[in-house]
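structure.tsv follows (TSV, C-alpha atoms):
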```tsv
chain	number	residue	atom	x	y	z
H	1	MET	CA	0.60	-12.37	29.21
H	2	ARG	CA	-2.11	-14.39	27.45
H	3	SER	CA	-4.69	-11.88	28.66
H	4	LYS	CA	-3.09	-9.30	26.36
H	5	LEU	CA	-3.78	-11.36	23.23
H	6	VAL	CA	-6.51	-10.07	20.92
H	7	LEU	CA	-7.75	-12.37	18.17
H	8	GLY	CA	-7.80	-10.54	14.83
H	9	THR	CA	-10.50	-11.77	12.47
H	10	VAL	CA	-9.72	-10.15	9.14
H	11	GLN	CA	-8.75	-13.60	7.80
H	12	PHE	CA	-12.30	-14.80	8.47
H	13	GLY	CA	-13.68	-12.40	5.86
H	14	LEU	CA	-10.79	-11.69	3.48
H	15	GLN	CA	-7.65	-13.25	2.04
H	16	TYR	CA	-5.05	-11.36	4.06
H	17	GLY	CA	-1.28	-11.27	4.54
H	18	VAL	CA	1.65	-12.32	2.37
H	19	ASN	CA	2.03	-15.64	4.17
H	20	SER	CA	-1.62	-16.58	4.75
H	21	ALA	CA	-2.79	-20.16	4.30
H	22	GLY	CA	-6.17	-18.91	3.11
H	23	ARG	CA	-9.56	-18.10	4.60
H	24	PRO	CA	-10.82	-20.66	7.11
H	25	SER	CA	-14.22	-22.31	6.71
H	26	GLU	CA	-16.97	-21.42	9.17
H	27	GLU	CA	-16.43	-24.75	10.93
H	28	ASP	CA	-12.75	-23.83	11.31
H	29	VAL	CA	-13.75	-20.41	12.64
H	30	LYS	CA	-15.96	-22.07	15.27
H	31	CYS	CA	-13.03	-24.25	16.33
H	32	ILE	CA	-10.69	-21.24	16.48
H	33	LEU	CA	-13.13	-19.27	18.62
H	34	LYS	CA	-13.72	-22.21	20.95
H	35	GLU	CA	-9.98	-22.68	21.46
H	36	ALA	CA	-9.42	-18.94	21.89
H	37	SER	CA	-12.03	-18.85	24.63
H	38	ARG	CA	-10.55	-21.93	26.28
H	39	VAL	CA	-7.05	-20.46	26.52
H	40	GLY	CA	-8.23	-17.15	27.94
H	41	ILE	CA	-8.43	-14.79	24.97
H	42	ILE	CA	-11.23	-12.38	25.77
H	43	LYS	CA	-11.17	-9.82	22.94
H	44	LEU	CA	-11.85	-10.05	19.20
H	45	ASP	CA	-10.96	-7.44	16.58
H	46	THR	CA	-13.02	-7.00	13.41
H	47	SER	CA	-14.34	-4.32	11.04
H	48	SER	CA	-17.13	-3.62	8.59
H	49	ALA	CA	-14.31	-3.40	6.02
H	50	TYR	CA	-13.17	-7.01	6.58
H	51	GLY	CA	-15.39	-8.63	3.96
H	52	ASN	CA	-18.07	-10.64	5.77
H	53	SER	CA	-16.05	-11.14	8.96
H	54	GLU	CA	-18.74	-9.57	11.16
H	55	GLU	CA	-21.45	-11.84	9.75
H	56	ILE	CA	-19.27	-14.91	10.24
H	57	LEU	CA	-18.57	-13.97	13.85
H	58	GLY	CA	-22.28	-13.41	14.40
H	59	ARG	CA	-23.00	-16.94	13.21
H	60	CYS	CA	-20.04	-18.65	14.89
H	61	ILE	CA	-19.76	-17.18	18.40
H	62	THR	CA	-21.67	-19.33	20.88
H	63	SER	CA	-23.47	-18.19	24.02
H	64	ASP	CA	-20.73	-19.79	26.11
H	65	GLU	CA	-18.01	-17.61	24.56
H	66	LYS	CA	-17.84	-14.23	26.30
H	67	PHE	CA	-15.74	-12.06	24.00
H	68	GLY	CA	-15.38	-8.31	24.10
H	69	ILE	CA	-15.67	-7.30	20.44
H	70	ILE	CA	-13.93	-4.34	18.83
H	71	SER	CA	-15.15	-3.29	15.40
H	72	LYS	CA	-14.46	-0.33	13.13
H	73	TYR	CA	-16.24	2.30	11.08
H	74	PRO	CA	-14.88	2.40	7.51
H	75	LYS	CA	-15.02	5.25	5.05
H	76	GLY	CA	-18.34	5.44	3.24
H	77	LYS	CA	-21.50	7.45	2.88
H	78	ALA	CA	-23.48	5.95	5.76
H	79	PRO	CA	-23.55	7.89	9.06
H	80	VAL	CA	-21.61	6.52	12.03
H	81	ALA	CA	-24.74	5.65	14.00
H	82	GLN	CA	-26.22	3.70	11.07
H	83	MET	CA	-23.01	1.75	10.42
H	84	PHE	CA	-22.69	0.97	14.11
H	85	LYS	CA	-26.26	-0.32	14.25
H	86	GLU	CA	-25.63	-2.53	11.21
H	87	THR	CA	-22.47	-3.88	12.84
H	88	LEU	CA	-24.43	-4.85	15.96
H	89	THR	CA	-26.98	-6.61	13.75
H	90	ARG	CA	-24.33	-8.56	11.82
H	91	LEU	CA	-22.53	-9.55	15.03
H	92	ARG	CA	-25.85	-10.41	16.74
H	93	VAL	CA	-24.97	-8.39	19.84
H	94	ASN	CA	-26.36	-5.25	21.48
H	95	HIS	CA	-23.09	-3.83	22.77
H	96	LEU	CA	-19.43	-3.55	21.72
H	97	TYR	CA	-16.30	-3.33	23.82
H	98	GLY	CA	-14.73	-0.92	21.34
H	99	TYR	CA	-15.53	0.99	18.15
H	100	LEU	CA	-12.71	2.53	16.14
H	101	LEU	CA	-12.54	4.86	13.16
H	102	HIS	CA	-10.92	2.62	10.56
H	103	HIS	CA	-9.83	5.04	7.81
H	104	PHE	CA	-8.22	8.18	9.17
H	105	GLU	CA	-9.02	10.26	6.07
H	106	VAL	CA	-12.62	10.38	7.36
H	107	TYR	CA	-11.45	12.26	10.45
H	108	ARG	CA	-8.86	14.32	8.59
H	109	ASN	CA	-11.55	15.58	6.20
H	110	ASN	CA	-14.15	16.11	8.91
H	111	PRO	CA	-12.93	16.14	12.55
H	112	ASP	CA	-16.51	16.81	13.68
H	113	VAL	CA	-17.32	13.19	12.87
H	114	TRP	CA	-15.76	12.37	16.21
H	115	GLU	CA	-18.81	13.79	17.97
H	116	ASP	CA	-20.77	10.85	16.55
H	117	PHE	CA	-18.33	8.36	18.08
H	118	TRP	CA	-18.46	10.05	21.47
H	119	ALA	CA	-22.26	10.05	21.31
H	120	LEU	CA	-22.15	6.26	20.86
H	121	LYS	CA	-20.04	5.93	23.98
H	122	GLU	CA	-22.33	8.19	25.98
H	123	SER	CA	-25.31	6.10	24.84
H	124	GLY	CA	-23.79	3.08	26.57
H	125	LYS	CA	-23.73	0.98	23.40
H	126	VAL	CA	-19.92	0.84	23.34
H	127	GLN	CA	-17.44	0.90	26.20
H	128	LYS	CA	-14.50	2.53	24.43
H	129	VAL	CA	-14.02	4.53	21.22
H	130	GLY	CA	-10.86	5.38	19.35
H	131	PHE	CA	-8.81	5.19	16.20
H	132	SER	CA	-6.98	2.70	14.04
H	133	LEU	CA	-3.87	4.56	12.88
H	134	TYR	CA	-0.95	4.03	10.52
H	135	SER	CA	1.38	6.98	11.10
H	136	PRO	CA	2.32	9.28	14.00
H	137	ASP	CA	1.18	12.39	12.13
H	138	GLU	CA	-2.37	11.06	12.43
H	139	LEU	CA	-2.01	10.77	16.19
H	140	GLU	CA	-0.48	14.24	16.34
H	141	LEU	CA	-3.56	15.71	14.66
H	142	ILE	CA	-5.92	13.99	17.09
H	143	LEU	CA	-3.92	15.26	20.06
H	144	GLU	CA	-3.74	18.75	18.57
H	145	ASN	CA	-7.53	18.77	18.13
H	146	GLN	CA	-7.96	17.46	21.69
H	147	SER	CA	-10.44	14.85	20.49
H	148	PRO	CA	-11.06	12.52	23.47
H	149	PHE	CA	-10.46	8.80	22.94
H	150	ASP	CA	-9.71	5.81	25.14
H	151	LEU	CA	-8.67	3.07	22.70
H	152	ILE	CA	-6.11	3.10	19.93
H	153	GLN	CA	-4.71	0.50	17.54
H	154	VAL	CA	-1.38	1.00	15.78
H	155	PRO	CA	1.24	-1.08	13.95
H	156	TYR	CA	4.14	-2.14	16.15
H	157	ASN	CA	6.76	-4.89	15.97
H	158	ILE	CA	10.48	-5.57	16.29
H	159	PHE	CA	11.12	-3.67	13.04
H	160	ASP	CA	8.47	-0.94	13.26
H	161	LYS	CA	8.65	1.16	16.44
H	162	LYS	CA	7.48	4.55	15.21
H	163	PHE	CA	4.68	4.81	17.79
H	164	LEU	CA	6.89	3.93	20.76
H	165	PRO	CA	7.66	7.58	21.71
H	166	TYR	CA	3.95	8.19	22.35
H	167	MET	CA	3.10	5.08	24.32
H	168	ALA	CA	4.14	6.11	27.83
H	169	ASP	CA	2.16	9.35	27.69
H	170	LEU	CA	-0.94	7.68	26.20
H	171	HIS	CA	-0.74	4.94	28.83
H	172	GLU	CA	-0.46	7.56	31.57
H	173	LYS	CA	-3.62	9.23	30.23
H	174	GLY	CA	-5.53	5.96	30.46
H	175	VAL	CA	-5.65	5.19	26.74
H	176	GLU	CA	-5.82	1.45	26.01
H	177	ILE	CA	-3.13	0.64	23.43
H	178	HIS	CA	-3.53	-2.26	21.01
H	179	VAL	CA	-0.89	-3.16	18.44
H	180	ARG	CA	-1.16	-5.06	15.18
H	181	SER	CA	1.38	-6.34	12.61
H	182	THR	CA	3.29	-8.25	15.29
H	183	PHE	CA	4.54	-10.59	12.55
H	184	LEU	CA	4.45	-7.95	9.79
H	185	GLN	CA	1.63	-9.85	8.05
H	186	GLY	CA	3.77	-12.98	7.96
H	187	LEU	CA	6.85	-11.33	6.45
H	188	LEU	CA	9.00	-12.41	9.41
H	189	PHE	CA	8.41	-16.06	8.51
H	190	MET	CA	8.98	-15.87	4.76
H	191	ASP	CA	11.85	-17.70	3.06
H	192	ARG	CA	14.71	-15.20	3.19
H	193	ASN	CA	15.80	-16.21	-0.31
H	194	ALA	CA	12.32	-16.02	-1.85
H	195	LEU	CA	11.28	-12.48	-0.94
H	196	PRO	CA	9.47	-10.38	-3.56
H	197	GLU	CA	11.86	-7.99	-5.25
H	198	LYS	CA	10.33	-4.98	-3.50
H	199	LEU	CA	11.20	-6.52	-0.12
H	200	ILE	CA	14.80	-7.54	-0.83
H	201	PRO	CA	16.14	-4.61	1.28
H	202	ILE	CA	14.48	-6.20	4.33
H	203	LYS	CA	16.52	-9.39	3.96
H	204	LYS	CA	19.50	-8.09	5.95
H	205	TYR	CA	17.25	-7.32	8.92
H	206	LEU	CA	15.65	-10.75	8.73
H	207	PHE	CA	19.13	-12.25	8.89
H	208	GLN	CA	19.80	-10.16	12.03
H	209	LEU	CA	16.59	-11.59	13.47
H	210	ASP	CA	17.73	-15.10	12.57
H	211	GLU	CA	21.04	-14.52	14.33
H	212	PHE	CA	19.29	-13.33	17.48
H	213	SER	CA	17.05	-16.39	17.30
H	214	LYS	CA	20.08	-18.65	17.15
H	215	GLU	CA	21.81	-16.90	20.06
H	216	SER	CA	18.74	-16.70	22.30
H	217	GLY	CA	17.27	-20.11	21.54
H	218	LEU	CA	13.91	-18.47	20.84
H	219	SER	CA	11.93	-19.03	17.65
H	220	ILE	CA	11.02	-16.12	15.37
H	221	SER	CA	7.43	-16.38	16.57
H	222	GLU	CA	8.51	-16.30	20.22
H	223	ILE	CA	10.76	-13.29	19.66
H	224	ALA	CA	8.18	-11.23	17.76
H	225	LEU	CA	5.20	-12.05	19.96
H	226	ASN	CA	6.91	-11.62	23.30
H	227	TYR	CA	8.65	-8.41	22.19
H	228	ASN	CA	5.18	-6.86	21.99
H	229	LEU	CA	3.65	-8.66	24.96
H	230	GLN	CA	6.48	-7.58	27.25
H	231	ASN	CA	6.07	-3.88	26.47
H	232	PRO	CA	4.47	-2.48	29.67
H	233	PHE	CA	2.55	0.20	27.77
H	234	ILE	CA	0.82	-2.22	25.40
H	235	ASP	CA	-2.55	-3.57	26.56
H	236	GLY	CA	-3.51	-5.70	23.56
H	237	VAL	CA	-1.50	-7.64	20.95
H	238	LEU	CA	-3.41	-8.71	17.86
H	239	ILE	CA	-2.77	-12.12	16.38
H	240	GLY	CA	-4.43	-13.43	13.24
H	241	VAL	CA	-4.72	-17.14	12.55
H	242	ASP	CA	-6.09	-19.34	9.76
H	243	ASN	CA	-6.63	-22.47	11.87
H	244	VAL	CA	-6.55	-23.88	15.39
H	245	SER	CA	-3.00	-25.19	15.11
H	246	GLN	CA	-1.71	-21.69	14.32
H	247	LEU	CA	-3.54	-20.35	17.37
H	248	GLN	CA	-2.09	-23.09	19.56
H	249	LYS	CA	1.38	-22.34	18.23
H	250	ASN	CA	0.94	-18.67	19.12
H	251	ILE	CA	-0.23	-19.58	22.61
H	252	SER	CA	2.75	-21.88	23.13
H	253	SER	CA	5.02	-19.02	22.01
H	254	VAL	CA	4.10	-16.89	25.01
H	255	LYS	CA	7.18	-16.96	27.26
H	256	ASP	CA	8.62	-15.17	30.29
H	257	THR	CA	12.08	-15.06	28.72
H	258	PRO	CA	13.05	-11.38	28.22
H	259	VAL	CA	13.39	-10.39	24.55
H	260	ASP	CA	16.20	-7.84	24.41
H	261	ILE	CA	16.57	-7.12	20.71
H	262	ASP	CA	17.19	-3.85	18.87
H	263	ILE	CA	17.03	-3.84	15.06
H	264	GLU	CA	16.87	-0.46	13.32
H	265	VAL	CA	15.34	-0.61	9.85
H	266	LYS	CA	16.39	2.28	7.63
H	267	GLU	CA	13.90	1.60	4.82
H	268	LYS	CA	10.91	2.78	6.88
H	269	GLU	CA	8.56	2.86	3.89
H	270	LEU	CA	8.83	-0.93	3.54
H	271	LEU	CA	7.41	-1.41	7.03
H	272	ASN	CA	3.99	-0.42	5.70
H	273	PRO	CA	2.42	-3.33	3.75
H	274	VAL	CA	0.60	-0.79	1.59
H	275	ASN	CA	3.96	-0.12	-0.07
H	276	TRP	CA	4.68	-3.77	-0.87
H	277	ASN	CA	2.75	-3.86	-4.14
```

Translate the structure of the given file into structure tokens.
Amino acid sequence: MRSKLVLGTVQFGLQYGVNSAGRPSEEDVKCILKEASRVGIIKLDTSSAYGNSEEILGRCITSDEKFGIISKYPKGKAPVAQMFKETLTRLRVNHLYGYLLHHFEVYRNNPDVWEDFWALKESGKVQKVGFSLYSPDELELILENQSPFDLIQVPYNIFDKKFLPYMADLHEKGVEIHVRSTFLQGLLFMDRNALPEKLIPIKKYLFQLDEFSKESGLSISEIALNYNLQNPFIDGVLIGVDNVSQLQKNISSVKDTPVDIDIEVKEKELLNPVNWN
């Protein structure tokens, strides 16, 4: 199961998440990367849109740490090939495991941009290309346009299962599926009685999660992480950490105990952090 873990690095370049302890120092990043490599994590996720995360990774990854890096092309005026080249320079590498289109509006406005991504793959500079998505309608458009891709990243967790109906078919077609928001940006760990007003409707579902935790003997972290890890169609589960102890806690949360939980959230709009402000 550990081999499915993907270390997200947005925290290295930005303040991120409602329950974040803050950006780690570069020394902390080096310690996190060293521990990640030691415990068998082999993939990192970053983006040109994550502040200076790429530069920090370029300075902190050692020659002994063999990570497959996935980065993303954000919206902007620079061509795909130029942004990709700049990403390689910042990361101090000559090849990426994956390169994703970060902001879907770029593709929606100009589907032909995908030819530039496929050209990168054919050049041998990146192993897999794909999309970072937020909603199923985005995936529907890609499939309708028959744009070829072999890596996708989507939100998925015990509350947010909107991409589940597509996973079996994508898996069958050989698409590598990565999921983010396993802990809903830390929302699952927040004090149930101190939620922002906008998130009060989620409280009842958090209480259901607490009840399952009590009955199963599993912690919230163990439930959320293993729910994603145990999905046979999911190839990568992103985790973001601020320090080594958080990473170690996540690693210790990986269990073989089946997580059989079904919570149906009616307020779907609150499952997207964009709507929390």

Selection near Leu100 (chain H), 8 Å with only C-alpha atoms, sequence-local residues under 5 positions removed, as a list of chain:residue names = H:Ile70, H:Ser71, H:Lys72, H:Tyr73, H:Val129, H:Gly130, H:Phe131, H:Ser132, H:Leu151, H:Ile152

Nearest candidate to Val154 (chain H) (options H:Val106, H:Leu139, H:Ala224, H:Ile61; using all atoms listed in the file) = H:Leu139

Distance in Å - CA of Leu195 (chain H) versus CA of Ala49 (chain H) |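 Distance reported for this atom pair: 28.0 Å.
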
Rank H:Asn110, H:Ser63, H:Asn277, H:Ser47 by their smallest atom-to-atom distance to Lys198 (chain H), using all atoms listed in the file, and report the top residue only.
->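 Nearest to Lys198 (chain H): H:Asn277.
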
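CA of Leu238 (chain H) sits 16.2 Å away from CA of Pro273 (chain H).
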
With all atoms listed in the file counted, which protein, DNA or RNA residues have an atom no more than 12 Å from (3.1, -14.7, 32.3) in the file frame? Please answer as a PyMOL selection string.
-> chain H and resi 1-5+226+229-230+251-258

In Å to one decimal, how far is CA of Ile261 (chain H) from CA of Ala168 (chain H)?
-> 19.5 Å

If we count only C-alpha atoms, what is near region 199-215 of chain H at a cut-off of 12 Å, once residues fewer than 6 positions away on the same chain are taken out, given as a VMD selection string?
-> chain H and resid 18 158 to 160 183 to 184 187 to 193 221 to 224 259 to 273 275 to 277

Do you know which residues are at most 9 Å from Pro111 (chain H) counting only C-alpha atoms, after dropping those on the same chain fewer than 3 positions away, and could you put them as a PyMOL selection string?
-> chain H and resi 106-108+114-115+142+145+147

Would you list the residues near (-10.3, -17.3, 21.5), meaning any protein, DNA or RNA residue with an atom at most 12 Å from that point in file coordinates, counting all atoms listed in the file, as a PyMOL selection string?
-> chain H and resi 2-9+29-45+57+60-62+64-69+238-241+243-244+247-248+250-251

Proximity to Lys173 (chain H) - best of H:Pro148, H:Gly22, H:Pro155, H:Pro74, all atoms listed in the file |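 Of H:Pro148, H:Gly22, H:Pro155, H:Pro74, the one nearest Lys173 (chain H) is H:Pro148, counting all atoms listed in the file.
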
Reconstructed N, CA, C and O atoms for region 34-51 of chain H, given as a PDB file, in the frame of the given file:
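The resulting result.pdb:
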```
ATOM      1  N   LYS H  34     -13.600 -21.343  19.773  1.00  0.00           N
ATOM      2  CA  LYS H  34     -13.720 -22.210  20.950  1.00  0.00           C
ATOM      3  C   LYS H  34     -12.378 -22.344  21.656  1.00  0.00           C
ATOM      4  O   LYS H  34     -12.292 -22.251  22.891  1.00  0.00           O
ATOM      5  N   GLU H  35     -11.315 -22.536  20.869  1.00  0.00           N
ATOM      6  CA  GLU H  35      -9.980 -22.680  21.460  1.00  0.00           C
ATOM      7  C   GLU H  35      -9.514 -21.357  22.055  1.00  0.00           C
ATOM      8  O   GLU H  35      -8.894 -21.331  23.132  1.00  0.00           O
ATOM      9  N   ALA H  36      -9.802 -20.250  21.370  1.00  0.00           N
ATOM     10  CA  ALA H  36      -9.420 -18.940  21.890  1.00  0.00           C
ATOM     11  C   ALA H  36     -10.060 -18.691  23.254  1.00  0.00           C
ATOM     12  O   ALA H  36      -9.409 -18.225  24.198  1.00  0.00           O
ATOM     13  N   SER H  37     -11.341 -19.020  23.365  1.00  0.00           N
ATOM     14  CA  SER H  37     -12.030 -18.850  24.630  1.00  0.00           C
ATOM     15  C   SER H  37     -11.440 -19.755  25.707  1.00  0.00           C
ATOM     16  O   SER H  37     -11.250 -19.344  26.860  1.00  0.00           O
ATOM     17  N   ARG H  38     -11.100 -20.962  25.322  1.00  0.00           N
ATOM     18  CA  ARG H  38     -10.550 -21.930  26.280  1.00  0.00           C
ATOM     19  C   ARG H  38      -9.234 -21.475  26.868  1.00  0.00           C
ATOM     20  O   ARG H  38      -8.975 -21.674  28.073  1.00  0.00           O
ATOM     21  N   VAL H  39      -8.384 -20.845  26.048  1.00  0.00           N
ATOM     22  CA  VAL H  39      -7.050 -20.460  26.520  1.00  0.00           C
ATOM     23  C   VAL H  39      -7.023 -19.070  27.140  1.00  0.00           C
ATOM     24  O   VAL H  39      -5.970 -18.595  27.554  1.00  0.00           O
ATOM     25  N   GLY H  40      -8.172 -18.408  27.220  1.00  0.00           N
ATOM     26  CA  GLY H  40      -8.230 -17.150  27.940  1.00  0.00           C
ATOM     27  C   GLY H  40      -8.197 -15.878  27.113  1.00  0.00           C
ATOM     28  O   GLY H  40      -8.050 -14.787  27.659  1.00  0.00           O
ATOM     29  N   ILE H  41      -8.327 -15.989  25.802  1.00  0.00           N
ATOM     30  CA  ILE H  41      -8.430 -14.790  24.970  1.00  0.00           C
ATOM     31  C   ILE H  41      -9.840 -14.230  25.129  1.00  0.00           C
ATOM     32  O   ILE H  41     -10.824 -14.948  24.959  1.00  0.00           O
ATOM     33  N   ILE H  42      -9.930 -12.951  25.443  1.00  0.00           N
ATOM     34  CA  ILE H  42     -11.230 -12.380  25.770  1.00  0.00           C
ATOM     35  C   ILE H  42     -11.662 -11.255  24.825  1.00  0.00           C
ATOM     36  O   ILE H  42     -12.768 -10.727  24.968  1.00  0.00           O
ATOM     37  N   LYS H  43     -10.807 -10.889  23.860  1.00  0.00           N
ATOM     38  CA  LYS H  43     -11.170  -9.820  22.940  1.00  0.00           C
ATOM     39  C   LYS H  43     -10.979 -10.258  21.488  1.00  0.00           C
ATOM     40  O   LYS H  43     -10.025 -10.965  21.162  1.00  0.00           O
ATOM     41  N   LEU H  44     -11.911  -9.818  20.629  1.00  0.00           N
ATOM     42  CA  LEU H  44     -11.850 -10.050  19.200  1.00  0.00           C
ATOM     43  C   LEU H  44     -11.784  -8.708  18.490  1.00  0.00           C
ATOM     44  O   LEU H  44     -12.408  -7.736  18.923  1.00  0.00           O
ATOM     45  N   ASP H  45     -11.052  -8.662  17.372  1.00  0.00           N
ATOM     46  CA  ASP H  45     -10.960  -7.440  16.580  1.00  0.00           C
ATOM     47  C   ASP H  45     -11.508  -7.704  15.188  1.00  0.00           C
ATOM     48  O   ASP H  45     -11.108  -8.664  14.516  1.00  0.00           O
ATOM     49  N   THR H  46     -12.440  -6.843  14.736  1.00  0.00           N
ATOM     50  CA  THR H  46     -13.020  -7.000  13.410  1.00  0.00           C
ATOM     51  C   THR H  46     -13.291  -5.618  12.827  1.00  0.00           C
ATOM     52  O   THR H  46     -12.894  -4.597  13.380  1.00  0.00           O
ATOM     53  N   SER H  47     -13.996  -5.584  11.688  1.00  0.00           N
ATOM     54  CA  SER H  47     -14.340  -4.320  11.040  1.00  0.00           C
ATOM     55  C   SER H  47     -15.390  -4.565   9.969  1.00  0.00           C
ATOM     56  O   SER H  47     -15.454  -5.656   9.382  1.00  0.00           O
ATOM     57  N   SER H  48     -16.173  -3.542   9.698  1.00  0.00           N
ATOM     58  CA  SER H  48     -17.130  -3.620   8.590  1.00  0.00           C
ATOM     59  C   SER H  48     -16.399  -3.724   7.256  1.00  0.00           C
ATOM     60  O   SER H  48     -17.001  -4.109   6.243  1.00  0.00           O
ATOM     61  N   ALA H  49     -15.111  -3.371   7.250  1.00  0.00           N
ATOM     62  CA  ALA H  49     -14.310  -3.400   6.020  1.00  0.00           C
ATOM     63  C   ALA H  49     -13.645  -4.758   5.790  1.00  0.00           C
ATOM     64  O   ALA H  49     -12.974  -4.943   4.773  1.00  0.00           O
ATOM     65  N   TYR H  50     -13.822  -5.704   6.701  1.00  0.00           N
ATOM     66  CA  TYR H  50     -13.170  -7.010   6.580  1.00  0.00           C
ATOM     67  C   TYR H  50     -14.087  -8.021   5.880  1.00  0.00           C
ATOM     68  O   TYR H  50     -14.401  -9.085   6.425  1.00  0.00           O
ATOM     69  N   GLY H  51     -14.523  -7.706   4.683  1.00  0.00           N
ATOM     70  CA  GLY H  51     -15.390  -8.630   3.960  1.00  0.00           C
ATOM     71  C   GLY H  51     -16.633  -8.944   4.777  1.00  0.00           C
ATOM     72  O   GLY H  51     -17.315  -8.048   5.262  1.00  0.00           O
TER      73      GLY H  51
END
```
